[in-house]
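Colleague: Input structure-v8.csv, format and content: CSV, C-alpha atoms.
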```csv
chain,number,residue,atom,x,y,z
A,1,MET,CA,56.3,83.8,101.8
A,2,LYS,CA,55.8,87.3,100.5
A,3,ILE,CA,53.3,88.4,97.8
A,4,GLU,CA,54.3,91.1,95.5
A,5,ALA,CA,51.5,93.6,95.0
A,6,ILE,CA,52.2,94.9,91.5
A,7,SER,CA,50.1,95.6,88.5
A,8,THR,CA,50.2,92.7,86.0
A,9,ASN,CA,49.0,94.6,82.9
A,10,ASP,CA,52.4,95.1,81.3
A,11,ASN,CA,53.6,91.6,82.1
A,12,GLN,CA,50.3,90.2,80.7
A,13,GLU,CA,50.9,91.9,77.3
A,14,VAL,CA,54.4,90.6,77.1
A,15,GLN,CA,53.3,87.1,78.0
A,16,ASN,CA,50.7,87.2,75.2
A,17,VAL,CA,53.2,88.3,72.6
A,18,ILE,CA,55.6,85.5,73.6
A,19,ILE,CA,52.7,82.9,73.7
A,20,ALA,CA,51.7,84.0,70.1
A,21,LYS,CA,55.3,83.6,69.0
A,22,ILE,CA,55.6,80.2,70.6
A,23,ARG,CA,52.5,79.1,68.7
A,24,ASP,CA,53.9,80.4,65.5
A,25,LEU,CA,57.2,78.6,66.1
A,26,ILE,CA,55.3,75.3,66.8
A,27,ASN,CA,53.4,75.7,63.5
A,28,TYR,CA,56.5,76.8,61.5
A,29,LYS,CA,58.6,73.8,62.7
A,30,ASN,CA,55.6,71.4,62.5
A,31,LEU,CA,56.2,70.3,66.1
A,32,GLU,CA,54.2,67.4,67.3
A,33,PRO,CA,53.2,66.1,70.8
A,34,GLY,CA,56.3,65.1,72.7
A,35,ASP,CA,58.6,67.3,70.7
A,36,LYS,CA,61.0,69.6,72.5
A,37,LEU,CA,60.9,73.4,72.3
A,38,PRO,CA,64.2,75.4,72.1
A,39,SER,CA,65.7,76.4,75.4
A,40,GLU,CA,64.5,79.4,77.4
A,41,ARG,CA,67.7,81.2,76.5
A,42,MET,CA,67.3,80.5,72.8
A,43,LEU,CA,63.7,81.6,72.8
A,44,ALA,CA,64.6,84.8,74.7
A,45,GLU,CA,67.2,85.7,72.1
A,46,LYS,CA,64.9,84.8,69.2
A,47,PHE,CA,62.0,86.9,70.6
A,48,GLY,CA,64.1,89.8,72.0
A,49,VAL,CA,62.8,89.4,75.5
A,50,THR,CA,64.2,88.3,78.9
A,51,ARG,CA,64.4,84.7,80.0
A,52,SER,CA,62.1,85.6,82.9
A,53,ASN,CA,59.5,86.7,80.3
A,54,VAL,CA,59.8,83.5,78.4
A,55,ARG,CA,59.6,81.5,81.7
A,56,ASP,CA,56.4,83.2,82.7
A,57,ALA,CA,54.8,82.5,79.3
A,58,ILE,CA,55.8,78.8,79.5
A,59,HIS,CA,54.4,78.5,83.0
A,60,LYS,CA,51.1,79.9,81.7
A,61,LEU,CA,51.0,77.4,78.9
A,62,GLU,CA,51.9,74.7,81.4
A,63,PHE,CA,49.0,75.8,83.6
A,64,TYR,CA,46.6,75.2,80.7
A,65,GLY,CA,48.2,71.8,80.0
A,66,LEU,CA,49.8,72.7,76.6
A,67,LEU,CA,53.4,72.4,77.6
A,68,LYS,CA,55.4,70.3,80.1
A,69,SER,CA,58.8,71.3,81.6
A,70,ILE,CA,61.1,68.5,82.8
A,71,PRO,CA,64.0,69.6,85.0
A,72,GLN,CA,67.4,69.2,83.3
A,73,SER,CA,65.6,68.1,80.1
A,74,GLY,CA,63.6,71.0,78.7
A,75,THR,CA,60.1,72.0,77.7
A,76,PHE,CA,58.0,69.6,75.6
A,77,LEU,CA,54.6,69.8,73.8
A,78,GLU,CA,51.9,67.9,75.8
A,79,ASN,CA,49.9,65.2,74.1
A,80,ILE,CA,47.5,67.5,72.2
A,81,GLY,CA,47.1,67.9,68.5
A,82,VAL,CA,48.2,71.0,66.7
A,83,ILE,CA,44.7,72.1,65.7
A,84,ALA,CA,43.4,71.8,69.3
A,85,LEU,CA,46.6,73.5,70.5
A,86,ASN,CA,46.1,76.5,68.2
A,87,GLY,CA,42.5,76.8,69.2
A,88,MET,CA,43.3,76.7,72.9
A,89,ILE,CA,46.1,79.3,72.6
A,90,GLU,CA,43.8,81.6,70.7
A,91,ASP,CA,41.3,81.3,73.5
A,92,ILE,CA,44.1,82.1,76.1
A,93,LEU,CA,45.1,85.2,74.1
A,94,ASN,CA,41.5,86.4,74.0
A,95,LEU,CA,40.8,85.9,77.7
A,96,ASP,CA,39.5,89.1,79.2
A,97,LYS,CA,41.3,90.3,82.3
A,98,PRO,CA,38.9,89.5,85.1
A,99,ASP,CA,37.3,92.4,87.0
A,100,PHE,CA,38.0,92.8,90.7
A,101,LYS,CA,34.5,91.7,91.7
A,102,SER,CA,34.8,88.5,89.7
A,103,LEU,CA,38.1,87.8,91.5
A,104,VAL,CA,36.6,88.3,94.9
A,105,GLU,CA,33.6,86.1,94.0
A,106,THR,CA,36.0,83.3,92.8
A,107,ARG,CA,37.9,83.6,96.0
A,108,ILE,CA,34.8,83.1,98.1
A,109,LEU,CA,33.8,80.0,96.1
A,110,LEU,CA,37.3,78.5,96.3
A,111,GLU,CA,37.8,79.2,100.0
A,112,LEU,CA,34.5,77.7,101.1
A,113,LYS,CA,35.9,74.5,99.6
A,114,THR,CA,39.5,74.8,100.7
A,115,VAL,CA,38.6,75.5,104.4
A,116,ARG,CA,36.5,72.4,104.5
A,117,LEU,CA,39.2,70.2,103.0
A,118,ALA,CA,41.9,71.8,105.2
A,119,SER,CA,39.9,70.8,108.3
A,120,LEU,CA,39.9,67.2,107.1
A,121,ARG,CA,43.5,67.0,105.8
A,122,ARG,CA,45.6,69.5,107.8
A,123,THR,CA,48.9,68.4,109.2
A,124,GLU,CA,50.8,69.8,112.2
A,125,LYS,CA,53.0,71.6,109.8
A,126,ASP,CA,49.9,73.1,108.1
A,127,LEU,CA,48.5,74.3,111.4
A,128,LYS,CA,51.8,76.0,112.3
A,129,ARG,CA,51.8,77.8,108.9
A,130,ILE,CA,48.2,79.0,109.4
A,131,LYS,CA,48.9,80.0,113.0
A,132,ASP,CA,52.0,82.0,112.1
A,133,ALA,CA,50.0,83.9,109.4
A,134,LEU,CA,47.2,84.5,111.9
A,135,ASP,CA,49.7,85.9,114.5
A,136,ALA,CA,51.4,88.1,111.9
A,137,TYR,CA,48.0,89.5,110.9
A,138,GLU,CA,47.1,90.2,114.6
A,139,ARG,CA,50.4,92.0,115.2
A,140,LYS,CA,49.9,94.2,112.2
A,141,VAL,CA,46.3,95.1,113.0
A,142,LEU,CA,47.0,95.9,116.7
A,143,SER,CA,49.9,98.1,115.7
A,144,GLY,CA,47.7,100.1,113.3
A,145,GLU,CA,49.5,98.8,110.2
A,146,ASP,CA,47.9,97.6,106.9
A,147,ALA,CA,47.5,93.9,107.2
A,148,VAL,CA,46.0,93.0,103.8
A,149,GLN,CA,49.0,90.8,102.8
A,150,GLU,CA,49.0,89.0,106.1
A,151,ASP,CA,45.2,88.4,105.8
A,152,LEU,CA,45.7,86.8,102.4
A,153,LEU,CA,48.7,84.8,103.5
A,154,PHE,CA,46.5,83.3,106.2
A,155,HIS,CA,44.0,82.2,103.5
A,156,LEU,CA,46.7,80.9,101.3
A,157,ALA,CA,48.0,78.8,104.1
A,158,ILE,CA,44.5,77.3,104.4
A,159,ALA,CA,44.5,76.6,100.7
A,160,LYS,CA,47.8,74.8,100.9
A,161,ALA,CA,46.5,72.8,103.9
A,162,SER,CA,43.6,71.6,101.7
A,163,GLY,CA,46.0,69.3,99.9
A,164,ASN,CA,44.4,70.2,96.6
A,165,ARG,CA,47.1,71.5,94.3
A,166,THR,CA,44.8,72.9,91.7
A,167,MET,CA,42.8,75.0,94.3
A,168,ASN,CA,46.0,76.1,95.8
A,169,ALA,CA,47.3,77.2,92.4
A,170,LEU,CA,44.1,79.1,91.6
A,171,MET,CA,44.4,80.9,94.9
A,172,LEU,CA,48.0,81.8,94.2
A,173,SER,CA,47.0,83.1,90.7
A,174,ILE,CA,44.3,85.5,91.8
A,175,THR,CA,45.8,86.7,95.1
A,176,PRO,CA,48.3,89.3,93.7
A,177,GLU,CA,45.5,91.1,91.8
A,178,ILE,CA,43.3,91.1,94.8
A,179,ILE,CA,46.0,92.6,96.9
A,180,THR,CA,46.7,95.3,94.3
A,181,ASN,CA,43.0,96.4,94.3
A,182,PHE,CA,41.7,95.6,97.7
A,183,ASN,CA,42.0,99.1,99.2
A,184,LYS,CA,41.2,100.8,95.8
A,185,TYR,CA,37.7,99.4,95.9
A,186,HIS,CA,37.2,99.9,99.6
A,187,VAL,CA,35.8,96.4,100.2
A,188,CYS,CA,36.1,96.6,104.0
A,189,ASP,CA,36.0,99.4,106.5
A,190,GLU,CA,38.7,99.9,109.2
A,191,ASN,CA,36.8,98.1,111.9
A,192,GLN,CA,36.7,94.9,109.8
A,193,ALA,CA,40.5,94.4,110.4
A,194,PHE,CA,39.9,94.2,114.2
A,195,ILE,CA,36.9,92.0,113.8
A,196,GLY,CA,39.0,89.8,111.5
A,197,ILE,CA,41.3,88.8,114.3
A,198,LYS,CA,38.5,86.9,116.1
A,199,GLU,CA,37.1,85.5,112.9
A,200,HIS,CA,40.5,84.2,111.9
A,201,LYS,CA,40.9,82.6,115.2
A,202,ASP,CA,37.5,80.9,114.9
A,203,VAL,CA,38.4,79.6,111.5
A,204,TYR,CA,41.8,78.3,112.7
A,205,ASP,CA,40.2,76.6,115.7
A,206,SER,CA,37.7,74.8,113.6
A,207,ILE,CA,40.5,73.6,111.3
A,208,LYS,CA,42.6,72.5,114.2
A,209,ASN,CA,39.7,70.6,115.7
A,210,GLN,CA,38.9,69.0,112.4
A,211,GLN,CA,35.3,70.3,112.2
A,212,PRO,CA,34.6,70.8,108.4
A,213,THR,CA,31.0,72.0,108.7
A,214,LEU,CA,31.9,74.6,111.4
A,215,ALA,CA,35.0,75.7,109.4
A,216,LYS,CA,32.8,76.5,106.4
A,217,GLU,CA,30.3,78.4,108.5
A,218,LYS,CA,33.0,80.4,110.2
A,219,MET,CA,34.5,81.2,106.8
A,220,LYS,CA,31.1,82.4,105.7
A,221,VAL,CA,30.9,84.7,108.7
A,222,HIS,CA,34.4,86.0,107.9
A,223,PHE,CA,33.3,86.7,104.3
A,224,LYS,CA,30.2,88.8,105.3
A,225,ALA,CA,31.7,92.0,104.0
A,226,LEU,CA,32.8,90.3,100.7
A,227,TYR,CA,29.3,88.9,100.2
A,228,GLN,CA,27.9,92.3,100.6
A,229,TYR,CA,30.4,93.7,98.2
A,230,CYS,CA,29.7,91.1,95.5
A,231,TYR,CA,26.0,90.6,95.9
A,232,ASN,CA,24.7,93.6,97.9
A,233,VAL,CA,23.1,91.3,100.4
A,234,GLU,CA,23.8,90.1,103.9
A,235,LYS,CA,24.4,86.4,104.5
```
Written as structure tokens, how would this file's structure read?
Modeller:
Amino acid sequence: MKIEAISTNDNQEVQNVIIAKIRDLINYKNLEPGDKLPSERMLAEKFGVTRSNVRDAIHKLEFYGLLKSIPQSGTFLENIGVIALNGMIEDILNLDKPDFKSLVETRILLELKTVRLASLRRTEKDLKRIKDALDAYERKVLSGEDAVQEDLLFHLAIAKASGNRTMNALMLSITPEIITNFNKYHVCDENQAFIGIKEHKDVYDSIKNQQPTLAKEKMKVHFKALYQYCYNVEK
């Protein structure tokens, strides 16, 4: 899996325009829960955007539980009234773009939960995925290359091993923005990458040995620099 480290500002604006147009279309056609939306191709032509743009906007509305896509059938309104739907879409459109520190803080809170669950639920396939990411991170660091993506892929593998799809989805949603800004905000010094090799191994071993309490503690140790960045304290 590869993560694209790109700015999401432009795409976010396009998404919001399309979401607003979908809302207007729902109201104009008096669509009700269970009704089907026009196809992605038709919406793209109607709104003057690409099908990819429409798909991204639909995925966002699915994430918030407003739409449901069924393969080979189409996209349908979820079981929610029009008044509530309009209010929720308005809230979505008015969401502020989270600042980097908020993203990092969210990541910390999520990962202290996912690492514990991963140690309880991990499969052999999960362990291989985590170990592969760990090895890729170590190779990059020892060769003097930037390993931010490999670091986060390691953590995403842990989130997947947690077996909690919602936590996994949240991690996936905040990761690209973290990658884009990690170096910009100088969260960690150069030595931290080398220290991270052992810390990653400690986390991996505790997950492998199914030690949830130890896994959480090892993740806290690994996040020391992030704690300092977010809270200006040592933990």
Colleague: Have a look at atom CA of A:Asn209 and atom CA of A:Ala193 and let me know their distance in Å, one decimal.
Modeller: 24.4 Å
Colleague: Skipping near chain neighbours, those fewer than 3 positions away, what residues fall within 10 Å of A:Lys36 using all atoms listed in the file, listed as a list of chain:residue names?
Modeller: A:Ile26, A:Leu31, A:Glu32, A:Pro33, A:Ser39, A:Leu67, A:Lys68, A:Ser69, A:Ser73, A:Gly74, A:Thr75, A:Phe76, A:Leu77, A:Glu78
Colleague: Using all atoms listed in the file, which of A:Asp24, A:Asn168, A:Asn30, A:Met42 sits nearest A:Arg107?
Modeller: A:Asn168
Colleague: Might you pull out every residue within 12 Å of A:Met88, with all atoms listed in the file counted and same-chain residues fewer than 6 positions away left off, and present them as an NGL selection string?
Modeller: :A and (19-20 or 23 or 61 or 64-67 or 80-82 or 94-95)
Colleague: Find the spatial neighbours of A:His222, counting only C-alpha atoms, within a cut-off of 8 Å - ignore same-chain residues fewer than 3 positions away - and output them as a PyMOL selection string.
Modeller: chain A and resi 196+199-200+218-219+225
Colleague: Store the residues picked out above in a file with C-alpha atoms, as a tab-separated table (two decimals), in the coordinates of the input.
Modeller:
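Dumped to part-v2.tsv:
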```
chain	number	residue	atom	x	y	z
A	196	GLY	CA	39.00	89.80	111.50
A	199	GLU	CA	37.10	85.50	112.90
A	200	HIS	CA	40.50	84.20	111.90
A	218	LYS	CA	33.00	80.40	110.20
A	219	MET	CA	34.50	81.20	106.80
A	225	ALA	CA	31.70	92.00	104.00
```
